[in-house]
$ cat input08.tsv   # TSV, C-alpha atoms
chain	number	residue	atom	x	y	z
A	1	MET	CA	77.57	41.57	59.17
A	2	SER	CA	76.98	38.87	56.59
A	3	VAL	CA	74.36	36.25	57.35
A	4	GLN	CA	75.97	32.83	57.30
A	5	GLN	CA	74.35	29.44	57.37
A	6	GLN	CA	74.55	28.08	60.86
A	7	SER	CA	73.91	24.61	62.21
A	8	GLY	CA	70.43	24.30	63.56
A	9	SER	CA	67.28	24.55	61.52
A	10	LEU	CA	63.57	25.05	61.86
A	11	VAL	CA	60.65	23.63	59.91
A	12	CYS	CA	57.09	24.49	60.89
A	13	VAL	CA	54.59	21.91	59.67
A	14	GLY	CA	50.85	21.53	59.80
A	15	THR	CA	49.26	18.40	61.25
A	16	GLY	CA	45.90	19.15	59.69
A	17	MET	CA	42.63	19.20	61.57
A	18	THR	CA	41.63	15.52	61.90
A	19	LEU	CA	43.91	13.00	63.59
A	20	GLY	CA	45.30	10.59	61.03
A	21	SER	CA	43.47	12.09	58.08
A	22	HIS	CA	45.27	15.26	57.10
A	23	ILE	CA	48.96	15.11	58.00
A	24	SER	CA	51.10	15.05	54.86
A	25	PRO	CA	53.77	12.38	54.43
A	26	LEU	CA	56.44	15.05	54.33
A	27	SER	CA	55.23	16.80	57.49
A	28	ARG	CA	55.16	13.50	59.32
A	29	SER	CA	58.64	12.70	58.11
A	30	TYR	CA	59.93	16.04	59.40
A	31	ILE	CA	58.38	15.33	62.80
A	32	GLU	CA	59.84	11.85	62.98
A	33	GLN	CA	63.34	12.96	61.99
A	34	ALA	CA	63.60	16.10	64.09
A	35	ASP	CA	65.98	16.43	67.03
A	36	VAL	CA	63.19	18.15	68.94
A	37	VAL	CA	59.54	18.83	68.17
A	38	PHE	CA	57.42	21.60	69.63
A	39	VAL	CA	53.72	20.84	69.34
A	40	LEU	CA	50.65	23.04	69.49
A	41	VAL	CA	47.47	21.28	68.40
A	42	ALA	CA	43.79	21.63	69.14
A	43	ASP	CA	43.20	18.67	71.46
A	44	GLY	CA	45.07	16.45	73.89
A	45	ILE	CA	44.58	13.20	72.00
A	46	THR	CA	46.19	14.65	68.87
A	47	GLU	CA	49.00	16.03	71.01
A	48	GLN	CA	49.61	12.54	72.38
A	49	TRP	CA	49.55	11.17	68.83
A	50	ILE	CA	52.31	13.57	67.82
A	51	GLU	CA	54.28	12.64	70.93
A	52	GLY	CA	54.33	9.09	69.65
A	53	MET	CA	56.23	10.16	66.53
A	54	ASN	CA	59.42	11.41	68.18
A	55	ALA	CA	61.25	10.83	71.44
A	56	ASP	CA	61.55	14.55	72.23
A	57	VAL	CA	58.20	16.26	71.76
A	58	ARG	CA	57.50	19.33	73.88
A	59	SER	CA	54.07	20.82	74.24
A	60	LEU	CA	53.69	24.59	73.96
A	61	GLN	CA	50.48	24.45	76.02
A	62	PRO	CA	52.23	25.24	79.34
A	63	PHE	CA	52.91	28.75	78.06
A	64	TYR	CA	49.20	29.54	78.04
A	65	LYS	CA	47.50	30.69	81.19
A	66	GLU	CA	44.17	32.44	81.58
A	67	GLY	CA	44.81	35.95	82.78
A	68	LYS	CA	48.19	36.04	81.05
A	69	SER	CA	48.52	37.91	77.79
A	70	ARG	CA	48.64	35.50	74.87
A	71	LEU	CA	51.17	37.87	73.34
A	72	LEU	CA	53.57	36.98	76.14
A	73	SER	CA	52.76	33.31	75.63
A	74	TYR	CA	53.56	33.61	71.93
A	75	GLN	CA	56.84	35.38	72.64
A	76	GLN	CA	57.82	32.66	75.08
A	77	MET	CA	56.90	29.96	72.58
A	78	VAL	CA	59.08	31.57	69.92
A	79	ALA	CA	61.92	31.91	72.42
A	80	ALA	CA	61.67	28.24	73.41
A	81	ILE	CA	61.78	27.19	69.76
A	82	LEU	CA	64.71	29.46	68.90
A	83	THR	CA	66.68	28.30	71.94
A	84	GLU	CA	66.86	24.82	70.45
A	85	VAL	CA	67.61	26.10	66.94
A	86	ARG	CA	70.50	28.18	68.33
A	87	ALA	CA	71.72	25.05	70.12
A	88	GLY	CA	72.30	23.57	66.69
A	89	LYS	CA	69.33	21.22	66.63
A	90	ASN	CA	67.01	20.40	63.77
A	91	VAL	CA	63.77	21.68	65.21
A	92	VAL	CA	60.23	21.08	64.01
A	93	GLY	CA	57.22	23.08	65.11
A	94	ALA	CA	54.06	21.01	64.64
A	95	PHE	CA	50.92	23.12	64.60
A	96	TYR	CA	47.36	22.09	63.99
A	97	GLY	CA	45.82	22.86	60.64
A	98	HIS	CA	48.13	24.95	58.47
A	99	PRO	CA	51.02	26.49	60.42
A	100	GLY	CA	50.74	29.76	58.53
A	101	VAL	CA	47.03	30.43	58.80
A	102	PHE	CA	45.96	32.54	61.78
A	103	ALA	CA	49.15	31.50	63.51
A	104	LEU	CA	51.58	34.13	64.72
A	105	VAL	CA	54.09	31.83	66.39
A	106	PRO	CA	55.29	29.81	63.36
A	107	HIS	CA	55.72	32.90	61.19
A	108	LYS	CA	57.60	34.76	63.91
A	109	ALA	CA	59.81	31.77	64.72
A	110	ILE	CA	60.74	31.28	61.07
A	111	SER	CA	61.43	34.96	60.39
A	112	THR	CA	63.58	35.25	63.51
A	113	ALA	CA	65.52	32.10	62.66
A	114	ARG	CA	66.19	33.35	59.14
A	115	GLU	CA	67.32	36.75	60.41
A	116	GLU	CA	69.86	34.94	62.57
A	117	GLY	CA	71.17	32.93	59.62
A	118	TYR	CA	69.42	29.62	60.20
A	119	GLN	CA	67.63	27.57	57.60
A	120	ALA	CA	63.94	27.85	58.29
A	121	HIS	CA	60.81	27.23	56.27
A	122	MET	CA	57.17	26.28	56.49
A	123	GLU	CA	55.33	23.26	55.12
A	124	PRO	CA	51.64	23.82	54.40
A	125	GLY	CA	48.89	21.84	56.06
A	126	ILE	CA	45.17	21.34	55.72
A	127	SER	CA	43.63	24.20	57.64
A	128	ALA	CA	40.24	24.64	59.27
A	129	GLU	CA	39.43	26.88	56.32
A	130	ASP	CA	40.01	23.98	53.93
A	131	CYS	CA	37.79	21.73	56.03
A	132	LEU	CA	35.15	24.45	56.11
A	133	TYR	CA	34.95	24.58	52.31
A	134	ALA	CA	34.50	20.80	52.17
A	135	ASP	CA	32.09	20.49	55.09
A	136	LEU	CA	29.84	23.41	54.11
A	137	ALA	CA	30.09	22.81	50.35
A	138	ILE	CA	31.43	26.30	49.73
A	139	ASP	CA	33.60	27.24	46.79
A	140	PRO	CA	35.34	30.48	47.74
A	141	GLY	CA	35.65	31.30	44.07
A	142	SER	CA	31.92	31.36	43.46
A	143	LYS	CA	31.10	34.59	45.29
A	144	GLY	CA	34.44	35.48	46.81
A	145	CYS	CA	35.36	34.87	50.43
A	146	GLN	CA	36.53	37.33	53.05
A	147	HIS	CA	38.39	36.16	56.13
A	148	TYR	CA	38.88	38.26	59.22
A	149	GLU	CA	39.85	37.53	62.77
A	150	ALA	CA	36.72	38.41	64.75
A	151	SER	CA	38.44	40.83	67.13
A	152	GLN	CA	40.28	42.52	64.29
A	153	LEU	CA	36.93	43.26	62.68
A	154	MET	CA	35.92	44.94	65.93
A	155	PHE	CA	39.14	46.87	66.57
A	156	TYR	CA	39.56	48.27	63.06
A	157	HIS	CA	37.32	49.67	60.34
A	158	ARG	CA	37.19	46.93	57.74
A	159	VAL	CA	35.27	46.88	54.49
A	160	ILE	CA	32.73	44.08	54.22
A	161	ASP	CA	31.31	43.01	50.87
A	162	PRO	CA	27.95	41.41	51.70
A	163	SER	CA	27.79	39.79	48.26
A	164	ALA	CA	30.72	37.52	49.24
A	165	TYR	CA	31.14	34.98	52.02
A	166	LEU	CA	32.45	36.37	55.30
A	167	ILE	CA	34.32	34.05	57.65
A	168	LEU	CA	35.18	35.23	61.15
A	169	TRP	CA	37.87	33.35	63.07
A	170	GLN	CA	38.65	33.08	66.78
A	171	LEU	CA	35.02	33.93	67.48
A	172	GLY	CA	35.31	32.56	71.00
A	173	VAL	CA	37.54	35.42	72.13
A	174	ALA	CA	35.93	38.14	70.03
A	175	GLY	CA	36.60	41.60	71.38
A	176	ASP	CA	39.27	40.76	73.95
A	177	LYS	CA	41.91	43.45	73.59
A	178	SER	CA	43.89	42.20	76.56
A	179	LEU	CA	44.51	38.75	75.00
A	180	THR	CA	44.13	37.32	78.49
A	181	LYS	CA	40.77	35.60	78.10
A	182	PHE	CA	40.05	32.14	76.76
A	183	ALA	CA	36.42	33.10	76.20
A	184	THR	CA	34.46	36.31	75.91
A	185	GLU	CA	30.89	36.76	76.96
A	186	ALA	CA	27.66	37.40	75.10
A	187	ALA	CA	28.05	41.18	75.49
A	188	TYR	CA	31.19	41.09	73.35
A	189	ARG	CA	29.44	39.11	70.63
A	190	GLN	CA	26.54	41.59	70.73
A	191	LEU	CA	28.98	44.35	69.82
A	192	LEU	CA	30.22	42.19	66.95
A	193	VAL	CA	26.63	41.67	65.83
A	194	ASP	CA	26.08	45.44	65.94
A	195	ILE	CA	28.86	45.80	63.36
A	196	LEU	CA	27.46	43.01	61.21
A	197	LEU	CA	23.93	44.44	61.33
A	198	GLU	CA	25.26	47.37	59.30
A	199	GLN	CA	25.46	44.93	56.37
A	200	TYR	CA	23.23	41.99	57.20
A	201	PRO	CA	19.61	41.69	58.39
A	202	PRO	CA	19.07	40.32	61.90
A	203	GLU	CA	17.32	37.24	60.50
A	204	HIS	CA	20.20	36.41	58.18
A	205	LYS	CA	21.20	32.74	58.48
A	206	VAL	CA	24.76	32.20	59.64
A	207	TYR	CA	26.67	29.07	60.64
A	208	LEU	CA	28.75	28.11	63.63
A	209	TYR	CA	31.43	25.76	62.39
A	210	GLU	CA	33.93	23.47	64.09
A	211	ALA	CA	36.01	20.94	62.19
A	212	ALA	CA	36.27	17.43	63.60
A	213	CYS	CA	39.51	16.70	65.44
A	214	LEU	CA	38.87	12.96	65.45
A	215	SER	CA	37.40	10.93	62.58
A	216	VAL	CA	34.86	9.48	65.03
A	217	GLN	CA	33.69	12.98	65.91
A	218	SER	CA	30.99	14.93	64.11
A	219	LYS	CA	31.78	18.29	62.65
A	220	ARG	CA	29.69	21.16	64.00
A	221	VAL	CA	27.60	22.98	61.44
A	222	GLU	CA	24.93	24.82	63.39
A	223	CYS	CA	22.63	27.25	61.65
A	224	ILE	CA	21.35	30.22	63.62
A	225	VAL	CA	20.16	33.68	62.68
A	226	LEU	CA	22.56	36.55	63.20
A	227	GLN	CA	20.75	38.11	66.12
A	228	GLN	CA	21.04	34.82	68.03
A	229	LEU	CA	24.84	34.94	67.96
A	230	PRO	CA	25.38	36.57	71.37
A	231	GLU	CA	23.61	33.73	73.19
A	232	ALA	CA	25.06	30.93	71.08
A	233	GLU	CA	27.46	28.36	72.54
A	234	VAL	CA	30.89	29.32	71.29
A	235	SER	CA	34.39	28.01	72.02
A	236	LEU	CA	37.95	28.70	70.87
A	237	LYS	CA	37.35	26.23	68.06
A	238	THR	CA	34.25	27.97	66.68
A	239	THR	CA	34.27	29.84	63.38
A	240	LEU	CA	31.42	32.02	62.14
A	241	VAL	CA	30.38	31.59	58.51
A	242	ILE	CA	28.21	34.34	57.04
A	243	PRO	CA	26.85	33.64	53.54
A	244	PRO	CA	26.20	36.51	51.14
A	245	CYS	CA	23.02	38.48	51.78
A	246	ARG	CA	22.80	40.08	48.35
A	247	PRO	CA	23.69	39.02	44.81
A	248	LEU	CA	26.78	40.12	42.93
A	249	GLN	CA	26.30	43.59	41.47
A	250	LEU	CA	27.24	44.12	37.84
A	251	ASN	CA	29.85	46.74	37.03
A	252	LYS	CA	28.25	48.09	33.86
A	253	GLU	CA	30.88	50.74	33.25
A	254	MET	CA	33.63	48.14	33.25
A	255	GLU	CA	31.48	45.88	31.12
A	256	GLN	CA	31.44	48.61	28.45
A	257	ARG	CA	35.16	49.15	28.68
A	258	LEU	CA	35.79	45.42	28.26
A	259	LYS	CA	33.50	45.34	25.23
A	260	GLN	CA	35.59	48.04	23.60
A	261	LEU	CA	38.69	45.86	23.88
A	262	VAL	CA	37.19	43.16	21.69
A	263	SER	CA	35.35	45.37	19.23
B	1	MET	CA	46.04	1.06	76.31
B	2	MET	CA	46.30	4.73	75.42
B	3	HIS	CA	48.71	4.08	72.58
B	4	ASP	CA	46.48	1.32	71.19
B	5	ILE	CA	43.44	3.62	71.23
B	6	ILE	CA	45.34	6.44	69.55
B	7	ARG	CA	46.67	4.02	66.95
B	8	LEU	CA	43.09	2.89	66.29
B	9	LEU	CA	41.90	6.49	65.99
B	10	GLU	CA	44.72	7.14	63.52
B	11	THR	CA	43.68	4.13	61.47
B	12	LEU	CA	40.07	5.21	61.46
B	13	GLY	CA	41.16	8.66	60.28
B	14	ALA	CA	43.50	7.45	57.57
B	15	ASP	CA	41.72	4.46	56.00
B	16	ALA	CA	38.86	5.11	53.60
B	17	ARG	CA	37.35	1.75	54.54
B	18	TYR	CA	36.48	3.12	57.98
B	19	THR	CA	34.85	6.43	57.15
B	20	SER	CA	31.29	5.18	57.45
B	21	PHE	CA	29.52	5.04	60.80
B	22	ASP	CA	28.91	1.30	60.50
B	23	GLU	CA	32.52	0.50	59.67
B	24	GLN	CA	33.78	2.67	62.52
B	25	THR	CA	31.36	1.04	64.94
B	26	ALA	CA	32.62	-2.39	63.92
B	27	GLN	CA	36.22	-1.35	64.56
B	28	LEU	CA	35.37	0.21	67.90
B	29	GLU	CA	33.99	-3.12	69.11
B	30	ALA	CA	37.60	-4.27	69.33
B	31	ILE	CA	38.19	-1.90	72.26
B	32	ASP	CA	38.14	-3.90	75.48
B	33	ASP	CA	37.55	-0.96	77.77
B	34	ALA	CA	33.79	-0.35	77.75
B	35	GLU	CA	34.12	3.17	79.15
B	36	VAL	CA	36.53	4.21	76.42
B	37	ARG	CA	34.36	2.57	73.78
B	38	GLN	CA	31.29	4.39	75.04
B	39	ALA	CA	33.09	7.73	75.25
B	40	ILE	CA	34.09	7.40	71.60
B	41	GLN	CA	30.67	6.22	70.46
B	42	THR	CA	28.91	9.07	72.27
B	43	GLU	CA	31.58	11.59	71.15
B	44	SER	CA	32.29	12.46	74.76
B	45	ILE	CA	35.71	13.83	73.90
B	46	THR	CA	36.34	15.43	77.28
B	47	LYS	CA	35.61	12.14	79.00
B	48	LEU	CA	37.78	10.29	76.49
B	49	GLU	CA	40.68	12.65	77.20
B	50	THR	CA	40.29	11.93	80.92
B	51	LEU	CA	40.16	8.17	80.38
B	52	LEU	CA	43.25	8.26	78.19
B	53	GLY	CA	45.08	10.53	80.62
B	54	VAL	CA	45.88	13.16	78.01
B	55	ARG	CA	45.80	16.94	78.29
B	56	SER	CA	42.36	18.52	78.43
B	57	ASN	CA	41.13	22.11	77.99
B	58	VAL	CA	43.67	22.71	75.25
B	59	VAL	CA	44.10	26.32	74.09
B	60	CYS	CA	44.27	26.63	70.32
B	61	ALA	CA	44.42	30.38	69.69
B	62	ILE	CA	47.73	31.23	68.01
B	63	PHE	CA	46.87	34.61	66.52
B	64	ALA	CA	46.89	38.19	67.80
B	65	PRO	CA	44.40	40.50	66.06
B	66	GLU	CA	46.20	43.83	66.36
B	67	GLU	CA	48.49	44.89	63.54
B	68	GLU	CA	51.21	46.11	65.84
B	69	PRO	CA	50.61	44.27	69.11
B	70	GLU	CA	51.59	46.24	72.15
B	71	GLN	CA	54.60	45.01	74.04
B	72	ALA	CA	53.40	42.16	76.20
B	73	PRO	CA	53.48	42.80	79.93
B	74	GLU	CA	56.42	41.14	81.64
B	75	GLU	CA	55.56	37.97	83.39
B	76	ASP	CA	55.69	37.86	87.15
B	77	PRO	CA	59.01	36.04	87.79
B	78	LYS	CA	57.27	34.08	90.54
B	79	GLU	CA	54.87	32.62	87.99
B	80	GLN	CA	56.18	29.76	85.92
B	81	PRO	CA	54.44	27.43	83.48
B	82	GLU	CA	52.91	24.52	85.38
B	83	ASP	CA	54.82	21.92	83.41
B	84	GLU	CA	57.78	23.43	81.62
B	85	PRO	CA	58.43	21.94	78.18
B	86	GLU	CA	61.91	20.78	79.23
B	87	LYS	CA	60.52	18.84	82.18
B	88	GLU	CA	57.80	17.34	80.05
B	89	SER	CA	60.44	16.34	77.53
B	90	ALA	CA	62.37	14.46	80.22
B	91	ILE	CA	59.24	12.60	81.15
B	92	LYS	CA	58.51	11.79	77.54
B	93	LYS	CA	62.07	10.52	76.96
B	94	HIS	CA	61.56	8.13	79.82
B	95	SER	CA	58.41	6.86	78.17
B	96	ALA	CA	60.06	6.63	74.76
B	97	GLU	CA	61.17	3.13	75.64
B	98	LYS	CA	57.55	2.19	76.14
B	99	LEU	CA	56.76	3.61	72.71
B	100	SER	CA	59.45	1.60	71.03
B	101	GLY	CA	58.32	-1.46	72.92
B	102	ALA	CA	54.72	-0.94	71.84
B	103	ALA	CA	55.62	-0.36	68.17

$ encode --input "input08.tsv" --output "structure tokens"
Amino acid sequence: MSVQQQSGSLVCVGTGMTLGSHISPLSRSYIEQADVVFVLVADGITEQWIEGMNADVRSLQPFYKEGKSRLLSYQQMVAAILTEVRAGKNVVGAFYGHPGVFALVPHKAISTAREEGYQAHMEPGISAEDCLYADLAIDPGSKGCQHYEASQLMFYHRVIDPSAYLILWQLGVAGDKSLTKFATEAAYRQLLVDILLEQYPPEHKVYLYEAACLSVQSKRVECIVLQQLPEAEVSLKTTLVIPPCRPLQLNKEMEQRLKQLVS
Amino acid sequence: MMHDIIRLLETLGADARYTSFDEQTAQLEAIDDAEVRQAIQTESITKLETLLGVRSNVVCAIFAPEEEPEQAPEEDPKEQPEDEPEKESAIKKHSAEKLSGAA
């Protein structure tokens, strides 16, 4: 069966992290001109701000419920979005930060819409990662930067290069395989620390980071040592930043091979 | 009042003139409601959300860590979202007139 262009479209945009500061002119224009907007942002004030941009803005928050698998919530969110696309509407999904960074719902909604023959694409946004580089004065190019979802690092064997930055996301729910919790306890973070202690010393300085959602709000950049992580105050918004604990190691064999190319 | 506060917060976020603490403080003095003003100045965001009547305890996790997530358990048909998006939309359409009036 050939895929034909159908009426109805989907654009997923990012609203950035800080209200008023980060939304791109194009993303705002998409929100304002949409037939219906689905919104999922990191705080209620920003959600209300988005609701002021269009007459039909629908929050995706009601699909979350503690004790309910977030996977089910995500499936329901995608279904709600696609229902409106299939009804022939120009739909916008407005997500905080960048809609494609640590965000399953926008990617799934766009891929499903495309499979069904609808126009669908994503507009980038300023993500928490981008804010992190600015707020912590980190250039990911200097030493390299690894990004993992905290639980994924616990569920799978991943390779960590301790001479590069390591950023762990969704720290607040680290270790929750059920996806039903909005917070995990210190015991979960201790297991995460046990993995990290294979590469880093217990006294290694790490940072708990939260971008500011409002311009009148301070960002959180809290320095602790790694072994303090289990008892630290952590929320869904908290990201763990682990600087390198050893210098870059020269690859002398490759150095020789490169020299031969120019000799 | 809520829309005025949010509009102010947007201005403070978007205008380079108001990125310093002193400039922000000067702008916040224009807020009549002392409780709201104090909540902003003390960064009591939870209190500010309550005063503005917006959603609190927002969930912002949109990612599942497993490569091939297991099929999600079916929801109990008796359990429905507290405020379904369609219902919320109807409420918001009703308030759209207020928005256009406030613009």

$ residues_near_point --input "input08.tsv" --point "(59.7, 17.2, 56.2)" --cutoff "10 Å" --atoms "all atoms listed in the file" --output "list in words"
Val11, Cys12, Val13, Ser24, Pro25, Leu26, Ser27, Arg28, Ser29, Tyr30, Ile31, Glu32, Gln33, Ala34, Val92, Met122 and Glu123 of chain A

$ write_last_selection --input "input08.tsv" --atoms "C-alpha atoms" --output "mmCIF file, keeping the file's coordinate frame"
data_model
loop_
_atom_site.group_PDB
_atom_site.id
_atom_site.type_symbol
_atom_site.label_atom_id
_atom_site.label_comp_id
_atom_site.auth_asym_id
_atom_site.auth_seq_id
_atom_site.Cartn_x
_atom_site.Cartn_y
_atom_site.Cartn_z
ATOM 1 C CA VAL A 11 60.650 23.630 59.910
ATOM 2 C CA CYS A 12 57.090 24.490 60.890
ATOM 3 C CA VAL A 13 54.590 21.910 59.670
ATOM 4 C CA SER A 24 51.100 15.050 54.860
ATOM 5 C CA PRO A 25 53.770 12.380 54.430
ATOM 6 C CA LEU A 26 56.440 15.050 54.330
ATOM 7 C CA SER A 27 55.230 16.800 57.490
ATOM 8 C CA ARG A 28 55.160 13.500 59.320
ATOM 9 C CA SER A 29 58.640 12.700 58.110
ATOM 10 C CA TYR A 30 59.930 16.040 59.400
ATOM 11 C CA ILE A 31 58.380 15.330 62.800
ATOM 12 C CA GLU A 32 59.840 11.850 62.980
ATOM 13 C CA GLN A 33 63.340 12.960 61.990
ATOM 14 C CA ALA A 34 63.600 16.100 64.090
ATOM 15 C CA VAL A 92 60.230 21.080 64.010
ATOM 16 C CA MET A 122 57.170 26.280 56.490
ATOM 17 C CA GLU A 123 55.330 23.260 55.120
#

$ residues_around --input "input08.tsv" --residues "A:Arg114" --least-positions-apart "2" --cutoff "12 Å" --atoms "only C-alpha atoms" --output "list in words"
Val3, Gln4, Gln5, Gln6, Gly8, Ser9, Leu10, Val11, Leu82, Val85, Arg86, His107, Lys108, Ala109, Ile110, Ser111, Thr112, Glu116, Gly117, Tyr118, Gln119, Ala120, His121 and Met122 of chain A

$ closest_residue --input "input08.tsv" --among "A:Leu261, A:Leu208, A:Ala80, A:Ile242" --to "chain B" --atoms "only C-alpha atoms"
A:Ala80

$ closest_residue --input "input08.tsv" --among "B:Ile40, B:Ala14, B:Ala64, B:Leu28" --to "B:Leu52" --atoms "all atoms listed in the file"
B:Ile40

$ atom_distance --input "input08.tsv" --atom1 "atom CA of A:Ser69" --atom2 "atom CA of A:Thr180"
4.5 Å

$ atom_distance --input "input08.tsv" --atom1 "atom CA of B:Val58" --atom2 "atom CA of A:Tyr133"
24.6 Å
